[in-house]
Amino acid sequence: MKEFFLLLFFYTTTLAGFGQQSKPNYIFQKDDTLLRNSYYEQALKNKNDLIASLGSEYKKDYKESYEARFKEVSSLFQSSRSVTDPQANNYLQSLLKKITDANPELRSKDIRLVFSRDWWPNAYSMGEGTLVVNGGLMIYLNNEAELIFVLCHELAHFFLDHSNKSIKKNIEIVNSEEFKKEIKKLEKEEFRVNRKADSLFKPIILNSRSHRRENEAEADKYAFIFMKKTGYDCYAINTCLEMLKHVDDTSAFKPLDLSQVFNFTEYLFKKRWIQKESVIFSELSENDSPLTQKEKDSLKTHPDCDKRIQFLKDSISQLTPGQKFIVNEKMFNQLKKDFNVEIAEQEYQGGNLTRNLYYSLLMLQDNEYKPYALFSIARALNDMYEGRENHSLGLKTEGETRGFPQDYNLLLRMVSRLKLDEIAALSYYFCKEHRSEMSVYIGFEEEYSKAKMRIQ
(Lines give C-alpha, C1' and ligand atoms only; values in the text may rest on other atoms or scores of the structure.)
Protein backbone atom coordinates (compact mmCIF):
# COMPACT_ATOMS: atom_id res chain seq x y z
CA MET A 1 0.00 0.00 0.00
CA LYS A 2 2.83 2.38 0.89
CA GLU A 3 4.41 1.92 -2.56
CA PHE A 4 1.15 3.00 -4.17
CA PHE A 5 0.98 6.21 -2.17
CA LEU A 6 4.62 7.00 -2.91
CA LEU A 7 3.83 6.86 -6.61
CA LEU A 8 0.71 8.96 -5.99
CA PHE A 9 2.75 11.64 -4.27
CA PHE A 10 5.35 11.66 -7.02
CA TYR A 11 2.76 12.35 -9.66
CA THR A 12 1.32 15.22 -7.63
CA THR A 13 4.71 16.96 -7.64
CA THR A 14 5.86 16.99 -10.76
CA LEU A 15 6.55 11.97 -37.49
CA ALA A 16 6.39 10.65 -40.11
CA GLY A 17 5.35 12.74 -43.16
CA PHE A 18 2.40 12.05 -45.46
CA GLY A 19 2.42 12.95 -49.10
CA GLN A 20 4.19 15.33 -51.38
CA GLN A 21 2.53 18.22 -53.12
CA SER A 22 4.00 21.29 -54.72
CA LYS A 23 2.43 24.09 -52.64
CA PRO A 24 1.16 24.74 -50.04
CA ASN A 25 2.09 21.46 -48.36
CA TYR A 26 3.56 20.85 -44.93
CA ILE A 27 6.92 19.16 -44.47
CA PHE A 28 6.93 17.28 -41.18
CA GLN A 29 9.72 17.83 -38.69
CA LYS A 30 12.43 15.22 -39.12
CA ASP A 31 13.47 13.94 -35.72
CA ASP A 32 17.06 13.02 -34.88
CA THR A 33 16.94 9.49 -33.45
CA LEU A 34 20.57 9.66 -32.32
CA LEU A 35 19.91 12.82 -30.33
CA ARG A 36 16.77 11.38 -28.77
CA ASN A 37 18.64 8.20 -27.79
CA SER A 38 21.44 10.34 -26.39
CA TYR A 39 18.98 12.23 -24.19
CA TYR A 40 17.50 8.92 -23.05
CA GLU A 41 20.93 7.51 -22.17
CA GLN A 42 21.87 10.68 -20.29
CA ALA A 43 18.65 10.51 -18.28
CA LEU A 44 19.19 6.80 -17.59
CA LYS A 45 22.74 7.41 -16.34
CA ASN A 46 21.49 10.26 -14.17
CA LYS A 47 18.88 7.98 -12.60
CA ASN A 48 21.33 5.12 -12.03
CA ASP A 49 23.92 7.46 -10.49
CA LEU A 50 21.28 8.94 -8.21
CA ILE A 51 20.16 5.52 -7.01
CA ALA A 52 23.78 4.37 -6.55
CA SER A 53 24.41 7.37 -4.28
CA LEU A 54 21.49 6.60 -1.95
CA GLY A 55 22.13 5.86 1.70
CA SER A 56 20.43 3.04 3.57
CA GLU A 57 17.58 5.12 5.05
CA TYR A 58 14.39 4.71 2.99
CA LYS A 59 16.50 3.51 0.05
CA LYS A 60 13.70 1.35 -1.35
CA ASP A 61 11.24 4.26 -1.28
CA TYR A 62 13.66 6.68 -2.95
CA LYS A 63 14.51 4.10 -5.60
CA GLU A 64 10.83 3.55 -6.40
CA SER A 65 10.25 7.30 -6.71
CA TYR A 66 13.26 7.80 -8.98
CA GLU A 67 12.26 4.81 -11.10
CA ALA A 68 8.72 6.19 -11.44
CA ARG A 69 10.09 9.57 -12.52
CA PHE A 70 12.43 7.97 -15.04
CA LYS A 71 9.50 5.99 -16.46
CA GLU A 72 7.91 9.30 -17.47
CA VAL A 73 11.18 10.58 -18.93
CA SER A 74 11.60 7.30 -20.81
CA SER A 75 8.06 7.58 -22.18
CA LEU A 76 8.96 10.97 -23.64
CA PHE A 77 12.30 10.06 -25.21
CA GLN A 78 11.27 6.63 -26.50
CA SER A 79 8.32 7.97 -28.46
CA SER A 80 7.58 10.48 -31.20
CA ARG A 81 6.27 12.92 -28.59
CA SER A 82 9.68 14.54 -28.11
CA VAL A 83 10.83 16.90 -30.86
CA THR A 84 14.45 16.50 -31.91
CA ASP A 85 14.18 18.00 -35.38
CA PRO A 86 17.54 19.80 -35.93
CA GLN A 87 16.05 23.20 -36.71
CA ALA A 88 13.57 23.17 -33.83
CA ASN A 89 16.11 21.74 -31.41
CA ASN A 90 18.91 24.13 -32.42
CA TYR A 91 16.56 27.05 -31.93
CA LEU A 92 15.58 25.86 -28.46
CA GLN A 93 19.24 25.27 -27.49
CA SER A 94 20.10 28.79 -28.70
CA LEU A 95 17.48 30.18 -26.32
CA LEU A 96 18.86 28.05 -23.50
CA LYS A 97 22.39 29.29 -24.23
CA LYS A 98 21.12 32.88 -24.11
CA ILE A 99 19.88 32.23 -20.58
CA THR A 100 22.87 30.24 -19.31
CA ASP A 101 25.39 32.72 -20.77
CA ALA A 102 23.74 35.42 -18.69
CA ASN A 103 23.45 33.21 -15.59
CA PRO A 104 26.72 31.32 -14.91
CA GLU A 105 25.17 29.38 -12.01
CA LEU A 106 23.14 27.41 -14.58
CA ARG A 107 26.02 26.42 -16.88
CA SER A 108 27.12 23.37 -14.91
CA LYS A 109 23.62 21.90 -14.76
CA ASP A 110 22.81 18.68 -16.64
CA ILE A 111 19.96 19.95 -18.83
CA ARG A 112 18.00 18.21 -21.57
CA LEU A 113 15.59 20.75 -23.03
CA VAL A 114 13.08 19.67 -25.67
CA PHE A 115 9.81 20.59 -27.31
CA SER A 116 7.07 17.98 -27.26
CA ARG A 117 4.10 17.33 -29.54
CA ASP A 118 1.72 17.09 -26.58
CA TRP A 119 -1.47 19.12 -27.05
CA TRP A 120 -2.05 20.47 -23.56
CA PRO A 121 -0.69 23.99 -22.86
CA ASN A 122 2.08 23.32 -20.38
CA ALA A 123 5.81 23.26 -19.74
CA TYR A 124 7.49 21.33 -16.96
CA SER A 125 10.70 20.20 -15.31
CA MET A 126 10.93 16.49 -14.53
CA GLY A 127 13.34 17.35 -11.73
CA GLU A 128 16.34 15.37 -12.96
CA GLY A 129 17.42 17.65 -15.81
CA THR A 130 14.71 17.05 -18.41
CA LEU A 131 12.76 20.20 -19.25
CA VAL A 132 9.86 20.13 -21.69
CA VAL A 133 7.85 22.77 -23.56
CA ASN A 134 4.67 21.31 -25.01
CA GLY A 135 3.66 22.32 -28.52
CA GLY A 136 0.23 22.91 -27.00
CA LEU A 137 1.72 25.84 -25.05
CA MET A 138 3.92 27.11 -27.86
CA ILE A 139 0.92 27.84 -30.10
CA TYR A 140 -0.38 30.35 -27.52
CA LEU A 141 2.84 32.28 -26.88
CA ASN A 142 3.15 35.70 -28.51
CA ASN A 143 6.91 36.21 -28.68
CA GLU A 144 10.33 34.91 -27.70
CA ALA A 145 10.31 36.89 -24.47
CA GLU A 146 7.30 34.91 -23.24
CA LEU A 147 9.04 31.66 -24.19
CA ILE A 148 12.18 32.81 -22.37
CA PHE A 149 10.12 33.36 -19.22
CA VAL A 150 8.69 29.84 -19.53
CA LEU A 151 12.21 28.42 -19.88
CA CYS A 152 13.55 30.48 -16.99
CA HIS A 153 10.66 29.34 -14.80
CA GLU A 154 11.31 25.65 -15.49
CA LEU A 155 15.07 26.16 -15.09
CA ALA A 156 14.33 27.73 -11.71
CA HIS A 157 12.38 24.65 -10.61
CA PHE A 158 15.38 22.51 -11.54
CA PHE A 159 17.94 24.90 -10.05
CA LEU A 160 16.00 25.00 -6.77
CA ASP A 161 15.67 21.19 -6.76
CA HIS A 162 11.92 21.36 -6.13
CA SER A 163 11.16 17.86 -7.40
CA ASN A 164 13.75 16.08 -5.26
CA LYS A 165 12.79 18.11 -2.22
CA SER A 166 9.15 17.13 -2.71
CA ILE A 167 10.07 13.46 -3.06
CA LYS A 168 12.12 13.68 0.15
CA LYS A 169 9.29 15.34 2.05
CA ASN A 170 6.71 12.79 0.90
CA ILE A 171 8.95 9.84 1.78
CA GLU A 172 9.52 11.25 5.24
CA ILE A 173 5.76 11.62 5.70
CA VAL A 174 4.87 8.06 4.68
CA ASN A 175 7.64 6.69 6.89
CA SER A 176 6.68 8.70 9.96
CA GLU A 177 5.44 6.77 12.99
CA GLU A 178 2.17 8.70 13.01
CA PHE A 179 1.45 7.84 9.39
CA LYS A 180 2.35 4.15 9.87
CA LYS A 181 -0.02 3.90 12.84
CA GLU A 182 -2.87 5.35 10.80
CA ILE A 183 -2.17 2.95 7.92
CA LYS A 184 -2.25 -0.02 10.29
CA LYS A 185 -5.58 1.13 11.69
CA LEU A 186 -6.92 1.53 8.17
CA GLU A 187 -5.84 -1.98 7.16
CA LYS A 188 -7.91 -3.43 10.03
CA GLU A 189 -11.04 -1.51 9.09
CA GLU A 190 -13.91 -3.33 7.40
CA PHE A 191 -16.30 -0.44 6.81
CA ARG A 192 -16.01 3.02 5.28
CA VAL A 193 -12.36 2.43 4.39
CA ASN A 194 -12.44 4.84 1.43
CA ARG A 195 -13.90 7.64 3.50
CA LYS A 196 -11.32 7.14 6.25
CA ALA A 197 -8.53 6.95 3.69
CA ASP A 198 -9.70 10.26 2.24
CA SER A 199 -9.67 11.74 5.71
CA LEU A 200 -6.12 10.49 6.30
CA PHE A 201 -4.64 11.70 3.02
CA LYS A 202 -6.60 14.90 2.45
CA PRO A 203 -4.43 17.04 4.80
CA ILE A 204 -1.27 15.65 3.21
CA ILE A 205 -2.50 16.33 -0.32
CA LEU A 206 -3.60 19.85 0.65
CA ASN A 207 -0.18 20.43 2.20
CA SER A 208 1.41 19.18 -1.02
CA ARG A 209 -0.66 21.66 -3.02
CA SER A 210 0.39 24.43 -0.68
CA HIS A 211 4.03 23.58 -1.23
CA ARG A 212 3.47 23.53 -4.99
CA ARG A 213 2.08 27.05 -4.79
CA GLU A 214 5.13 28.11 -2.77
CA ASN A 215 7.36 26.44 -5.35
CA GLU A 216 5.65 28.32 -8.19
CA ALA A 217 6.19 31.65 -6.43
CA GLU A 218 9.83 30.84 -5.76
CA ALA A 219 10.34 29.67 -9.36
CA ASP A 220 8.78 32.91 -10.65
CA LYS A 221 11.12 34.94 -8.45
CA TYR A 222 14.22 33.17 -9.77
CA ALA A 223 12.87 33.20 -13.33
CA PHE A 224 12.69 36.99 -13.08
CA ILE A 225 16.28 37.10 -11.79
CA PHE A 226 17.46 34.88 -14.66
CA MET A 227 15.42 36.64 -17.32
CA LYS A 228 16.30 40.26 -16.54
CA LYS A 229 19.95 39.52 -17.37
CA THR A 230 19.14 38.23 -20.88
CA GLY A 231 18.03 41.47 -22.55
CA TYR A 232 14.48 40.23 -23.08
CA ASP A 233 11.45 42.29 -22.08
CA CYS A 234 10.43 41.15 -18.60
CA TYR A 235 6.96 42.63 -19.10
CA ALA A 236 6.41 39.41 -21.07
CA ILE A 237 6.12 37.71 -17.68
CA ASN A 238 2.83 39.55 -17.16
CA THR A 239 1.49 38.89 -20.64
CA CYS A 240 2.46 35.22 -20.43
CA LEU A 241 0.75 34.76 -17.06
CA GLU A 242 -2.33 36.61 -18.30
CA MET A 243 -2.50 34.19 -21.21
CA LEU A 244 -2.05 31.19 -18.92
CA LYS A 245 -4.84 32.43 -16.68
CA HIS A 246 -7.31 32.03 -19.53
CA VAL A 247 -5.67 29.31 -21.61
CA ASP A 248 -8.09 26.59 -20.47
CA ASP A 249 -11.07 28.70 -21.56
CA THR A 250 -9.79 29.83 -24.94
CA SER A 251 -8.56 28.35 -28.20
CA ALA A 252 -5.87 29.28 -30.68
CA PHE A 253 -8.66 28.93 -33.30
CA LYS A 254 -12.19 30.25 -33.52
CA PRO A 255 -14.82 27.71 -32.31
CA LEU A 256 -15.46 24.84 -34.69
CA ASP A 257 -18.69 24.99 -36.73
CA LEU A 258 -19.50 21.36 -37.49
CA SER A 259 -22.67 22.20 -39.41
CA GLN A 260 -20.58 24.14 -41.91
CA VAL A 261 -17.80 21.59 -42.39
CA PHE A 262 -20.09 18.56 -42.74
CA ASN A 263 -22.91 20.00 -44.83
CA PHE A 264 -22.93 18.86 -48.46
CA THR A 265 -25.34 19.47 -51.33
CA GLU A 266 -26.03 15.76 -51.67
CA TYR A 267 -25.86 14.98 -47.95
CA LEU A 268 -27.10 17.57 -45.48
CA PHE A 269 -25.89 17.99 -41.92
CA LYS A 270 -28.24 16.42 -39.36
CA LYS A 271 -28.95 18.50 -36.25
CA ARG A 272 -29.64 15.40 -34.18
CA TRP A 273 -25.93 14.57 -34.38
CA ILE A 274 -25.10 17.37 -31.92
CA GLN A 275 -28.37 18.50 -30.30
CA LYS A 276 -28.84 18.13 -26.56
CA GLU A 277 -30.77 15.23 -25.13
CA SER A 278 -32.11 16.20 -21.74
CA VAL A 279 -31.73 12.82 -20.07
CA ILE A 280 -28.32 11.80 -21.36
CA PHE A 281 -26.46 15.02 -21.91
CA SER A 282 -27.99 17.66 -19.64
CA GLU A 283 -25.19 17.35 -17.10
CA LEU A 284 -22.69 18.20 -19.82
CA SER A 285 -24.44 21.33 -20.97
CA GLU A 286 -22.88 24.63 -19.98
CA ASN A 287 -26.34 26.18 -19.71
CA ASP A 288 -27.97 23.42 -17.67
CA SER A 289 -25.03 22.50 -15.45
CA PRO A 290 -22.21 25.04 -15.61
CA LEU A 291 -18.91 24.44 -13.90
CA THR A 292 -18.74 26.17 -10.55
CA GLN A 293 -15.87 28.58 -9.97
CA LYS A 294 -14.37 26.06 -7.57
CA GLU A 295 -14.55 23.35 -10.24
CA LYS A 296 -13.01 25.66 -12.84
CA ASP A 297 -10.17 26.52 -10.47
CA SER A 298 -9.54 22.86 -9.66
CA LEU A 299 -9.31 22.03 -13.37
CA LYS A 300 -6.99 24.90 -14.29
CA THR A 301 -3.66 23.90 -15.75
CA HIS A 302 -2.14 27.10 -14.32
CA PRO A 303 -3.84 28.28 -11.10
CA ASP A 304 -3.04 31.42 -9.08
CA CYS A 305 -1.91 33.48 -12.08
CA ASP A 306 -3.35 36.71 -10.65
CA LYS A 307 -1.30 36.25 -7.47
CA ARG A 308 1.78 35.43 -9.50
CA ILE A 309 1.35 38.60 -11.58
CA GLN A 310 0.99 40.75 -8.47
CA PHE A 311 4.03 39.11 -6.87
CA LEU A 312 6.41 40.46 -9.56
CA LYS A 313 4.46 43.49 -10.75
CA ASP A 314 6.49 46.14 -8.92
CA SER A 315 9.85 44.58 -9.75
CA ILE A 316 9.01 44.38 -13.46
CA SER A 317 7.73 47.96 -13.59
CA GLN A 318 11.12 49.29 -12.44
CA LEU A 319 12.95 47.80 -15.44
CA THR A 320 13.61 49.41 -18.80
CA PRO A 321 11.67 47.42 -21.44
CA GLY A 322 13.82 44.86 -23.20
CA GLN A 323 13.38 43.07 -26.53
CA LYS A 324 10.60 40.70 -27.53
CA PHE A 325 12.81 38.85 -30.02
CA ILE A 326 16.56 38.33 -30.04
CA VAL A 327 17.45 34.86 -31.35
CA ASN A 328 15.16 34.17 -34.31
CA GLU A 329 11.73 35.75 -34.75
CA LYS A 330 11.06 33.92 -38.00
CA MET A 331 11.75 30.51 -36.46
CA PHE A 332 9.57 31.29 -33.43
CA ASN A 333 6.61 32.18 -35.63
CA GLN A 334 7.15 29.18 -37.87
CA LEU A 335 7.22 26.75 -34.94
CA LYS A 336 4.22 28.39 -33.35
CA LYS A 337 2.30 27.71 -36.55
CA ASP A 338 3.77 24.28 -37.31
CA PHE A 339 2.93 22.79 -33.94
CA ASN A 340 -0.76 22.71 -34.84
CA VAL A 341 0.03 20.13 -37.53
CA GLU A 342 2.58 18.28 -35.40
CA ILE A 343 0.06 17.96 -32.56
CA ALA A 344 -2.70 16.76 -34.87
CA GLU A 345 -0.46 14.07 -36.37
CA GLN A 346 0.89 13.05 -32.98
CA GLU A 347 -2.67 12.49 -31.75
CA TYR A 348 -3.35 10.28 -34.76
CA GLN A 349 -0.14 8.29 -34.25
CA GLY A 350 -1.02 7.99 -30.56
CA GLY A 351 -4.42 6.51 -31.37
CA ASN A 352 -6.67 9.45 -30.49
CA LEU A 353 -8.87 9.85 -33.57
CA THR A 354 -11.21 12.47 -32.14
CA ARG A 355 -8.50 14.90 -31.08
CA ASN A 356 -6.70 14.39 -34.39
CA LEU A 357 -9.97 15.10 -36.19
CA TYR A 358 -10.63 18.16 -34.00
CA TYR A 359 -7.30 19.83 -34.73
CA SER A 360 -7.57 18.97 -38.43
CA LEU A 361 -11.06 20.47 -38.66
CA LEU A 362 -9.92 23.64 -36.88
CA MET A 363 -7.04 24.05 -39.33
CA LEU A 364 -9.36 23.52 -42.27
CA GLN A 365 -11.83 26.04 -40.95
CA ASP A 366 -9.04 28.62 -40.55
CA ASN A 367 -7.46 27.64 -43.90
CA GLU A 368 -4.20 26.64 -42.19
CA TYR A 369 -2.17 23.89 -43.87
CA LYS A 370 -5.28 22.97 -45.83
CA PRO A 371 -3.89 20.01 -47.83
CA TYR A 372 -2.78 18.21 -44.69
CA ALA A 373 -6.05 19.08 -42.92
CA LEU A 374 -8.13 17.66 -45.77
CA PHE A 375 -6.11 14.46 -45.94
CA SER A 376 -6.16 14.05 -42.17
CA ILE A 377 -9.94 14.48 -41.98
CA ALA A 378 -10.52 11.99 -44.80
CA ARG A 379 -8.22 9.49 -43.12
CA ALA A 380 -9.89 9.96 -39.72
CA LEU A 381 -13.39 9.46 -41.17
CA ASN A 382 -12.33 6.25 -42.87
CA ASP A 383 -10.66 5.02 -39.69
CA MET A 384 -13.84 5.86 -37.78
CA TYR A 385 -15.82 3.71 -40.19
CA GLU A 386 -13.48 0.77 -39.63
CA GLY A 387 -13.62 1.32 -35.89
CA ARG A 388 -17.42 1.38 -35.84
CA GLU A 389 -17.56 -1.67 -38.08
CA ASN A 390 -15.29 -3.81 -35.90
CA HIS A 391 -16.55 -2.34 -32.58
CA SER A 392 -13.20 -0.78 -31.63
CA LEU A 393 -14.02 2.90 -32.17
CA GLY A 394 -14.36 3.53 -28.45
CA LEU A 395 -10.68 2.72 -28.01
CA LYS A 396 -9.70 5.60 -30.30
CA THR A 397 -12.14 8.28 -29.17
CA GLU A 398 -12.78 10.37 -26.07
CA GLY A 399 -16.09 10.97 -24.33
CA GLU A 400 -17.75 14.29 -23.50
CA THR A 401 -16.30 15.92 -20.41
CA ARG A 402 -17.34 19.18 -18.81
CA GLY A 403 -13.75 20.37 -18.76
CA PHE A 404 -13.42 20.11 -22.56
CA PRO A 405 -14.16 23.07 -24.88
CA GLN A 406 -17.79 23.15 -25.97
CA ASP A 407 -17.01 22.70 -29.66
CA TYR A 408 -14.85 19.65 -28.92
CA ASN A 409 -17.64 18.15 -26.83
CA LEU A 410 -20.02 18.66 -29.76
CA LEU A 411 -17.61 16.79 -32.03
CA LEU A 412 -17.34 13.97 -29.49
CA ARG A 413 -21.12 13.83 -29.25
CA MET A 414 -21.43 13.70 -33.02
CA VAL A 415 -18.88 10.90 -33.34
CA SER A 416 -20.64 8.86 -30.67
CA ARG A 417 -24.02 9.18 -32.44
CA LEU A 418 -23.00 8.57 -36.03
CA LYS A 419 -24.25 5.29 -37.44
CA LEU A 420 -22.07 3.20 -39.73
CA ASP A 421 -23.87 4.29 -42.91
CA GLU A 422 -23.68 7.94 -41.83
CA ILE A 423 -19.92 7.75 -41.33
CA ALA A 424 -19.64 6.17 -44.77
CA ALA A 425 -21.69 8.97 -46.31
CA LEU A 426 -19.75 11.75 -44.57
CA SER A 427 -16.46 10.18 -45.62
CA TYR A 428 -17.53 9.81 -49.23
CA TYR A 429 -19.08 13.25 -49.74
CA PHE A 430 -16.21 14.97 -47.92
CA CYS A 431 -13.64 13.27 -50.16
CA LYS A 432 -15.74 13.88 -53.27
CA GLU A 433 -16.05 17.59 -52.54
CA HIS A 434 -12.30 18.08 -52.13
CA ARG A 435 -11.00 15.47 -54.59
CA SER A 436 -10.17 17.92 -57.35
CA GLU A 437 -7.97 20.21 -55.25
CA MET A 438 -6.28 17.18 -53.64
CA SER A 439 -5.56 15.32 -56.86
CA VAL A 440 -1.77 15.47 -56.45
CA TYR A 441 -1.67 14.87 -52.69
CA ILE A 442 -0.33 11.35 -52.17
CA GLY A 443 -2.68 9.33 -50.03
CA PHE A 444 -5.88 11.29 -50.57
CA GLU A 445 -6.99 9.32 -53.63
CA GLU A 446 -6.65 6.12 -51.60
CA GLU A 447 -8.91 7.56 -48.90
CA TYR A 448 -11.42 8.60 -51.58
CA SER A 449 -11.40 5.09 -53.04
CA LYS A 450 -12.09 3.56 -49.63
CA ALA A 451 -14.99 5.93 -49.06
CA LYS A 452 -16.44 5.41 -52.53
CA MET A 453 -16.39 1.63 -52.17
CA ARG A 454 -18.45 1.85 -48.96
CA ILE A 455 -21.14 4.12 -50.34
CA GLN A 456 -21.92 1.96 -53.34
# chains A, B, ... in the order shown; residues from 1 in each chain; ligands from 1
>>> residues_around(residues="segment 228-241 of chain A", least_positions_apart="5", cutoff="9 Å", atoms="only C-alpha atoms", output="number ranges by chain")
A: 98-103, 141-150, 220, 223, 246, 302, 305-306, 308-310, 312-313, 316-317, 319-326
>>> closest_atom_pairs(of="segment 100-145 of chain A", to="segment 163-175 of chain A", cutoff="9 Å", atoms="only C-alpha atoms", output="Markdown table")
| residue | atom | partner | partner_atom | distance |
| --- | --- | --- | --- | --- |
| A:Ser125 | CA | A:Ser163 | CA | 8.3 |
| A:Met126 | CA | A:Ser163 | CA | 7.3 |
| A:Gly127 | CA | A:Ser163 | CA | 4.9 |
| A:Glu128 | CA | A:Ser163 | CA | 8.0 |
>>> write_last_selection(atoms="N, CA and C atoms", output="short mmCIF file (atom, residue, chain, number, x, y, z; two decimals), in the first residue's frame")
data_model
loop_
_atom_site.label_atom_id
_atom_site.label_comp_id
_atom_site.auth_asym_id
_atom_site.auth_seq_id
_atom_site.Cartn_x
_atom_site.Cartn_y
_atom_site.Cartn_z
N SER A 125 9.40 20.78 -15.63
CA SER A 125 10.70 20.20 -15.31
C SER A 125 10.45 18.87 -14.63
N MET A 126 11.09 17.81 -15.14
CA MET A 126 10.93 16.49 -14.53
C MET A 126 11.71 16.39 -13.22
N GLY A 127 12.63 17.31 -12.99
CA GLY A 127 13.34 17.35 -11.73
C GLY A 127 14.71 16.71 -11.76
N GLU A 128 15.04 16.03 -12.86
CA GLU A 128 16.34 15.37 -12.96
C GLU A 128 17.17 15.91 -14.12
#
>>> residues_around(residues="segment 404-409 of chain A", least_positions_apart="5", cutoff="9 Å", atoms="only C-alpha atoms", output="PyMOL selection string")
chain A and resi 248-251+255-258+284-286+354-355+358+399+414
>>> atom_distance(atom1="atom CA of Ile274 of chain A", atom2="atom CA of Leu410 of chain A")
5.7 Å
>>> select_by_dssp(residues="segment 53-129 of chain A", states="alpha helix (DSSP H)", output="number ranges by chain")
A: 59-77, 86-102
>>> closest_residue(among="A:Lys452, A:Arg107, A:Lys30, A:Arg435", to="Phe375 of chain A", atoms="only C-alpha atoms")
A:Arg435
